[in-house]
$ cat model15.cif   # mmCIF, C-alpha atoms
data_final
loop_
_atom_site.label_atom_id
_atom_site.label_comp_id
_atom_site.auth_asym_id
_atom_site.auth_seq_id
_atom_site.Cartn_x
_atom_site.Cartn_y
_atom_site.Cartn_z
CA ASN A 209 13.65 1.13 8.32
CA ALA A 210 12.31 -2.40 8.34
CA GLY A 211 11.58 -4.06 5.04
CA VAL A 212 8.35 -5.67 3.92
CA MET A 213 7.27 -8.04 6.68
CA GLN A 214 5.27 -11.14 5.96
CA ASN A 215 3.92 -13.63 8.43
CA PRO A 216 3.76 -16.40 8.99
CA ARG A 217 6.82 -17.56 7.08
CA HIS A 218 5.45 -21.08 6.85
CA LEU A 219 1.82 -22.13 7.08
CA VAL A 220 0.43 -25.65 7.01
CA ARG A 221 -3.27 -26.21 6.44
CA ARG A 222 -5.45 -29.22 5.78
CA ARG A 223 -7.75 -29.27 2.79
CA GLY A 224 -10.87 -27.24 3.47
CA GLN A 225 -9.32 -24.96 6.09
CA GLU A 226 -8.74 -21.24 5.73
CA ALA A 227 -5.35 -19.60 5.24
CA ARG A 228 -4.64 -16.00 6.24
CA LEU A 229 -1.42 -14.41 5.07
CA ARG A 230 -0.31 -11.04 6.41
CA CYS A 231 1.85 -8.36 4.89
CA SER A 232 3.09 -5.16 6.51
CA PRO A 233 4.52 -2.81 3.88
CA MET A 234 7.64 -0.76 4.29
CA LYS A 235 7.18 2.45 6.24
CA GLY A 236 5.75 5.14 4.02
CA HIS A 237 4.54 2.71 1.36
CA SER A 238 0.84 2.82 0.57
CA HIS A 239 0.77 0.34 -2.34
CA VAL A 240 0.75 -3.42 -1.82
CA TYR A 241 0.96 -6.23 -4.37
CA TRP A 242 0.50 -9.95 -3.90
CA TYR A 243 2.21 -12.53 -6.11
CA ARG A 244 2.14 -16.33 -6.10
CA GLN A 245 5.10 -18.53 -6.97
CA LEU A 246 4.52 -22.18 -7.74
CA PRO A 247 7.51 -24.57 -7.48
CA GLU A 248 10.03 -24.06 -10.28
CA GLU A 249 7.99 -21.21 -11.76
CA GLY A 250 8.11 -17.44 -11.89
CA LEU A 251 5.97 -15.10 -9.85
CA LYS A 252 2.43 -14.50 -11.00
CA PHE A 253 0.58 -11.32 -10.12
CA MET A 254 -2.55 -11.72 -8.03
CA VAL A 255 -3.78 -8.38 -6.72
CA TYR A 256 -2.77 -4.75 -6.25
CA LEU A 257 -4.15 -2.69 -3.39
CA GLN A 258 -3.89 0.77 -1.96
CA LYS A 259 -5.18 1.69 1.46
CA GLU A 260 -8.81 0.50 1.68
CA ASN A 261 -9.03 0.01 -2.11
CA ILE A 262 -8.48 -2.86 -4.52
CA ILE A 263 -6.94 -1.36 -7.65
CA ASP A 264 -6.34 -4.45 -9.79
CA GLU A 265 -7.47 -7.97 -8.92
CA SER A 266 -7.20 -9.41 -12.41
CA GLY A 267 -4.79 -12.13 -11.24
CA MET A 268 -6.94 -13.40 -8.39
CA PRO A 269 -8.81 -16.68 -8.79
CA LYS A 270 -12.53 -15.96 -8.98
CA GLU A 271 -13.43 -18.08 -5.97
CA ARG A 272 -12.04 -18.65 -2.49
CA PHE A 273 -9.41 -15.88 -2.67
CA SER A 274 -9.80 -12.38 -1.28
CA ALA A 275 -7.50 -9.56 -0.25
CA GLU A 276 -7.77 -6.41 1.80
CA PHE A 277 -5.57 -3.55 2.93
CA PRO A 278 -7.39 -1.74 5.73
CA LYS A 279 -6.74 1.79 6.86
CA GLU A 280 -4.99 0.42 9.93
CA GLY A 281 -3.00 -2.81 10.05
CA PRO A 282 -1.44 -5.15 7.53
CA SER A 283 -2.72 -6.31 4.19
CA ILE A 284 -4.37 -9.74 4.37
CA LEU A 285 -4.59 -12.38 1.66
CA ARG A 286 -7.26 -14.85 2.58
CA ILE A 287 -7.76 -18.26 1.00
CA GLN A 288 -10.90 -20.11 1.98
CA GLN A 289 -11.36 -23.89 1.74
CA VAL A 290 -7.78 -24.48 0.64
CA VAL A 291 -6.95 -27.23 -1.83
CA ARG A 292 -3.62 -28.90 -2.56
CA GLY A 293 -3.16 -26.76 -5.66
CA ASP A 294 -2.97 -23.68 -3.42
CA SER A 295 0.39 -24.89 -2.07
CA ALA A 296 2.87 -22.24 -3.13
CA ALA A 297 4.98 -19.35 -1.93
CA TYR A 298 3.01 -16.13 -1.62
CA PHE A 299 4.98 -12.92 -1.84
CA CYS A 300 3.93 -9.45 -0.94
CA ALA A 301 5.59 -6.35 -2.36
CA SER A 302 5.14 -2.72 -1.44
CA SER A 303 5.96 0.51 -3.19
CA PRO A 304 5.71 4.22 -2.56
CA GLN A 305 3.09 5.69 -4.88
CA GLY A 306 3.44 2.88 -7.40
CA GLY A 307 7.22 3.07 -7.80
CA ILE A 308 9.82 0.35 -7.34
CA GLN A 309 8.41 -2.77 -5.70
CA TYR A 310 10.19 -4.22 -2.68
CA PHE A 311 9.41 -7.81 -1.78
CA GLY A 312 8.99 -9.57 1.51
CA ALA A 313 10.47 -12.99 2.29
CA GLY A 314 7.19 -14.71 1.49
CA THR A 315 4.82 -17.14 3.14
CA ARG A 316 5.16 -20.76 2.12
CA LEU A 317 1.78 -22.42 2.25
CA SER A 318 1.55 -26.19 2.37
CA VAL A 319 -1.84 -27.84 2.05
CA LEU A 320 -2.03 -31.41 3.32
CA GLN B 188 0.73 -10.39 -25.13
CA GLN B 189 1.41 -9.97 -21.45
CA GLN B 190 4.11 -12.64 -21.40
CA VAL B 191 7.81 -12.23 -20.81
CA LYS B 192 9.88 -15.15 -22.04
CA GLN B 193 13.18 -15.88 -20.31
CA SER B 194 16.06 -18.19 -21.22
CA PRO B 195 17.92 -20.28 -20.36
CA GLN B 196 16.09 -22.08 -17.59
CA SER B 197 19.39 -22.93 -15.91
CA LEU B 198 22.99 -21.91 -16.36
CA ILE B 199 26.27 -23.14 -14.94
CA VAL B 200 29.48 -21.13 -15.24
CA GLN B 201 32.90 -21.13 -13.68
CA LYS B 202 34.01 -18.38 -11.34
CA GLY B 203 35.05 -15.37 -13.38
CA GLY B 204 32.80 -16.28 -16.30
CA ILE B 205 30.13 -13.99 -17.77
CA PRO B 206 26.69 -15.56 -17.60
CA ILE B 207 24.12 -14.01 -19.91
CA ILE B 208 20.37 -14.30 -19.35
CA ASN B 209 17.95 -13.27 -22.07
CA CYS B 210 14.38 -12.04 -22.05
CA ALA B 211 11.90 -11.17 -24.77
CA TYR B 212 8.52 -9.47 -24.65
CA GLU B 213 5.64 -8.73 -26.99
CA ASN B 214 3.68 -5.94 -25.36
CA THR B 215 5.05 -2.60 -26.58
CA ALA B 216 3.26 -0.88 -23.69
CA PHE B 217 5.96 -2.18 -21.35
CA ASP B 218 8.38 0.61 -20.57
CA TYR B 219 10.18 -0.44 -17.40
CA PHE B 220 12.27 -3.60 -17.13
CA PRO B 221 13.70 -4.67 -13.76
CA TRP B 222 15.79 -7.71 -12.90
CA TYR B 223 15.35 -9.46 -9.57
CA GLN B 224 17.68 -11.85 -7.76
CA GLN B 225 16.24 -14.51 -5.49
CA PHE B 226 18.12 -16.76 -3.08
CA PRO B 227 16.50 -19.96 -1.78
CA GLY B 228 13.92 -19.25 0.89
CA LYS B 229 14.06 -15.50 0.31
CA GLY B 230 12.00 -12.96 -1.55
CA PRO B 231 13.12 -11.41 -4.84
CA ALA B 232 15.44 -8.43 -4.47
CA LEU B 233 15.73 -5.71 -7.10
CA LEU B 234 19.10 -5.91 -8.83
CA ILE B 235 19.02 -3.41 -11.66
CA ALA B 236 16.40 -1.89 -13.96
CA ILE B 237 16.27 -0.17 -17.33
CA ARG B 238 13.92 1.91 -19.43
CA PRO B 239 13.76 1.46 -23.23
CA ASP B 240 15.16 4.91 -23.97
CA VAL B 241 18.69 3.62 -23.19
CA SER B 242 20.46 0.65 -24.72
CA GLU B 243 22.67 -0.28 -21.79
CA LYS B 244 22.90 0.24 -18.06
CA LYS B 245 25.68 -0.85 -15.70
CA GLU B 246 25.66 -1.17 -11.95
CA GLY B 247 28.80 -2.73 -10.56
CA ARG B 248 29.28 -6.13 -12.16
CA PHE B 249 25.72 -6.23 -13.55
CA THR B 250 24.84 -4.88 -17.00
CA ILE B 251 21.51 -4.76 -18.81
CA SER B 252 21.53 -4.57 -22.59
CA PHE B 253 18.29 -3.45 -24.23
CA ASN B 254 17.23 -3.85 -27.87
CA LYS B 255 13.98 -1.97 -28.31
CA SER B 256 13.42 -2.90 -31.97
CA ALA B 257 13.84 -6.60 -31.21
CA LYS B 258 11.91 -6.30 -27.94
CA GLN B 259 14.67 -8.12 -26.11
CA PHE B 260 16.82 -7.41 -23.11
CA SER B 261 19.54 -9.31 -21.31
CA LEU B 262 21.48 -9.40 -18.07
CA HIS B 263 25.25 -9.88 -18.05
CA ILE B 264 27.17 -10.63 -14.86
CA MET B 265 30.84 -9.75 -15.15
CA ASP B 266 33.47 -11.66 -13.17
CA SER B 267 30.81 -13.93 -11.68
CA GLN B 268 31.33 -15.26 -8.17
CA PRO B 269 29.93 -18.29 -6.30
CA GLY B 270 27.91 -15.82 -4.22
CA ASP B 271 26.03 -14.86 -7.39
CA SER B 272 24.46 -18.34 -7.48
CA ALA B 273 20.75 -17.62 -7.30
CA THR B 274 17.62 -17.51 -9.42
CA TYR B 275 17.30 -14.45 -11.63
CA PHE B 276 14.01 -13.11 -12.90
CA CYS B 277 13.44 -10.51 -15.56
CA ALA B 278 10.22 -8.55 -15.39
CA ALA B 279 8.31 -5.87 -17.23
CA ARG B 280 5.89 -3.19 -16.22
CA ARG B 281 3.76 -0.85 -18.25
CA LYS B 282 4.42 2.42 -16.45
CA GLU B 283 6.63 2.89 -13.41
CA THR B 284 4.53 5.61 -11.84
CA SER B 285 1.12 4.15 -12.46
CA GLY B 286 1.58 1.34 -9.97
CA SER B 287 0.88 -1.37 -12.48
CA ARG B 288 1.81 -4.96 -11.84
CA LEU B 289 5.04 -6.72 -12.75
CA THR B 290 4.99 -9.50 -15.33
CA PHE B 291 7.81 -11.91 -14.60
CA GLY B 292 9.81 -14.28 -16.75
CA GLU B 293 10.04 -17.91 -15.73
CA GLY B 294 13.42 -17.48 -14.03
CA THR B 295 16.99 -18.67 -14.59
CA GLN B 296 18.77 -20.73 -11.99
CA LEU B 297 22.42 -19.66 -12.08
CA THR B 298 25.21 -21.73 -10.53
CA VAL B 299 28.71 -20.29 -10.36
CA ASN B 300 31.26 -22.96 -9.56
CA PRO B 301 34.38 -22.05 -7.60
#

$ encode --input "model15.cif" --output "structure tokens"
Amino acid sequence: NAGVMQNPRHLVRRRGQEARLRCSPMKGHSHVYWYRQLPEEGLKFMVYLQKENIIDESGMPKERFSAEFPKEGPSILRIQQVVRGDSAAYFCASSPQGGIQYFGAGTRLSVL
Amino acid sequence: QQQVKQSPQSLIVQKGGIPIINCAYENTAFDYFPWYQQFPGKGPALLIAIRPDVSEKKEGRFTISFNKSAKQFSLHIMDSQPGDSATYFCAARRKETSGSRLTFGEGTQLTVNP
């Protein structure tokens, strides 16, 4: 049973480009969470999704950031027009019916 | 009121020592408190978790102590080993079954010297 899979592991973008981060939850998990970790800081909640629904997006910046979890395929965190302040590690977690959260290895985004 | 405060920021102990990491919270709606361990370049991994209806929980060398009245909880690592060197995060969640988000502490970087 594979764990939470995130790709890419590392992503480099220039200012103004778009970043797409993918997360495939563990088998049987229908709940996905995205967290952001800035250097030397803890993880900050961004968004919580179930299949085809956004349940809680209170941690998402109001502009440029969006997330989806379609019926088929991975969850996507999309950052439009990236800025240097978006450089961080983005972690996805999944859980079965809102239980214990299991984390992926993260995507490290660097904005040049 | 959603914050979880964690201390110390970093901790160095000798092999065999007992590092203690402390966390405090304000929101009394929190009722599930996990600890995560994170190695460099990896995602956080669940270590141990506790609910406020118990005062202590042990799993192997890891123990959580919980003080509900003080709204504090701590992680103790018995007989620490160099392989325990990692960053440790406490977290809190309002209800385990509701799928609510985790609120994390700022993390403690633990170094266990041989």

$ resolve_selection --input "model15.cif" --expression "the PyMOL selection byres ((chain B and resi 241-249) around 8)" --output "list of chain:residue names"
B:Ile235, B:Ala236, B:Ile237, B:Arg238, B:Pro239, B:Asp240, B:Thr250, B:Ile251, B:Ser252, B:Phe253, B:Asn254, B:Lys255, B:Leu262, B:His263, B:Ile264, B:Met265, B:Asp266, B:Ser267

$ resolve_selection --input "model15.cif" --expression "the PyMOL selection byres ((chain A) within 10 of (chain B))" --output "PyMOL selection string"
chain A and resi 212+217+239-243+248-258+263-264+267+297-301+303-316

$ resolve_selection --input "model15.cif" --expression "the PyMOL selection byres ((chain B and resi 269) around 10)" --output "PyMOL selection string"
chain B and resi 200-203+267-268+270-273+297-301

$ closest_residue --input "model15.cif" --among "A:Ala210, A:Val291, A:Val220, A:Ile262" --to "His237 in chain A" --atoms "all atoms listed in the file"
A:Ala210

$ closest_residue --input "model15.cif" --among "B:Phe226, B:Phe260, B:Pro195, B:Gln190" --to "Asn214 in chain B" --atoms "all atoms listed in the file"
B:Gln190

$ atom_distance --input "model15.cif" --atom1 "CA of Gln289 in chain A" --atom2 "CA of Ala227 in chain A"
8.2 Å

$ atom_distance --input "model15.cif" --atom1 "CA of Arg280 in chain B" --atom2 "CA of Tyr219 in chain B"
5.2 Å

$ atom_distance --input "model15.cif" --atom1 "CA of Arg244 in chain A" --atom2 "CA of Arg222 in chain A"
19.1 Å

$ residues_around --input "model15.cif" --residues "Leu317 in chain A" --least-positions-apart "5" --cutoff "6 Å" --atoms "all atoms listed in the file" --output "ChimeraX atom specification"
/A:219-220,295-296

$ axis_aligned_box --input "model15.cif" --around "range 252-271 of chain A" --padding-each-side "5 Å" --output "AutoDock Vina command-line options"
--center_x -5.5 --center_y -8.2 --center_z -5.4 --size_x 25.9 --size_y 29.8 --size_z 24.1

$ residues_around --input "model15.cif" --residues "Lys259 in chain A" --least-positions-apart "3" --cutoff "7 Å" --atoms "only C-alpha atoms" --output "PDB file with C-alpha atoms, keeping the file's coordinate frame"
ATOM      1  CA  SER A 238       0.840   2.820   0.570  1.00  0.00           C
ATOM      2  CA  PHE A 277      -5.570  -3.550   2.930  1.00  0.00           C
ATOM      3  CA  PRO A 278      -7.390  -1.740   5.730  1.00  0.00           C
ATOM      4  CA  LYS A 279      -6.740   1.790   6.860  1.00  0.00           C
TER       5      LYS A 279
END

$ closest_residue --input "model15.cif" --among "A:Val319, A:Met213, A:Ile284, A:Ala275" --to "Leu229 in chain A" --atoms "only C-alpha atoms"
A:Ile284
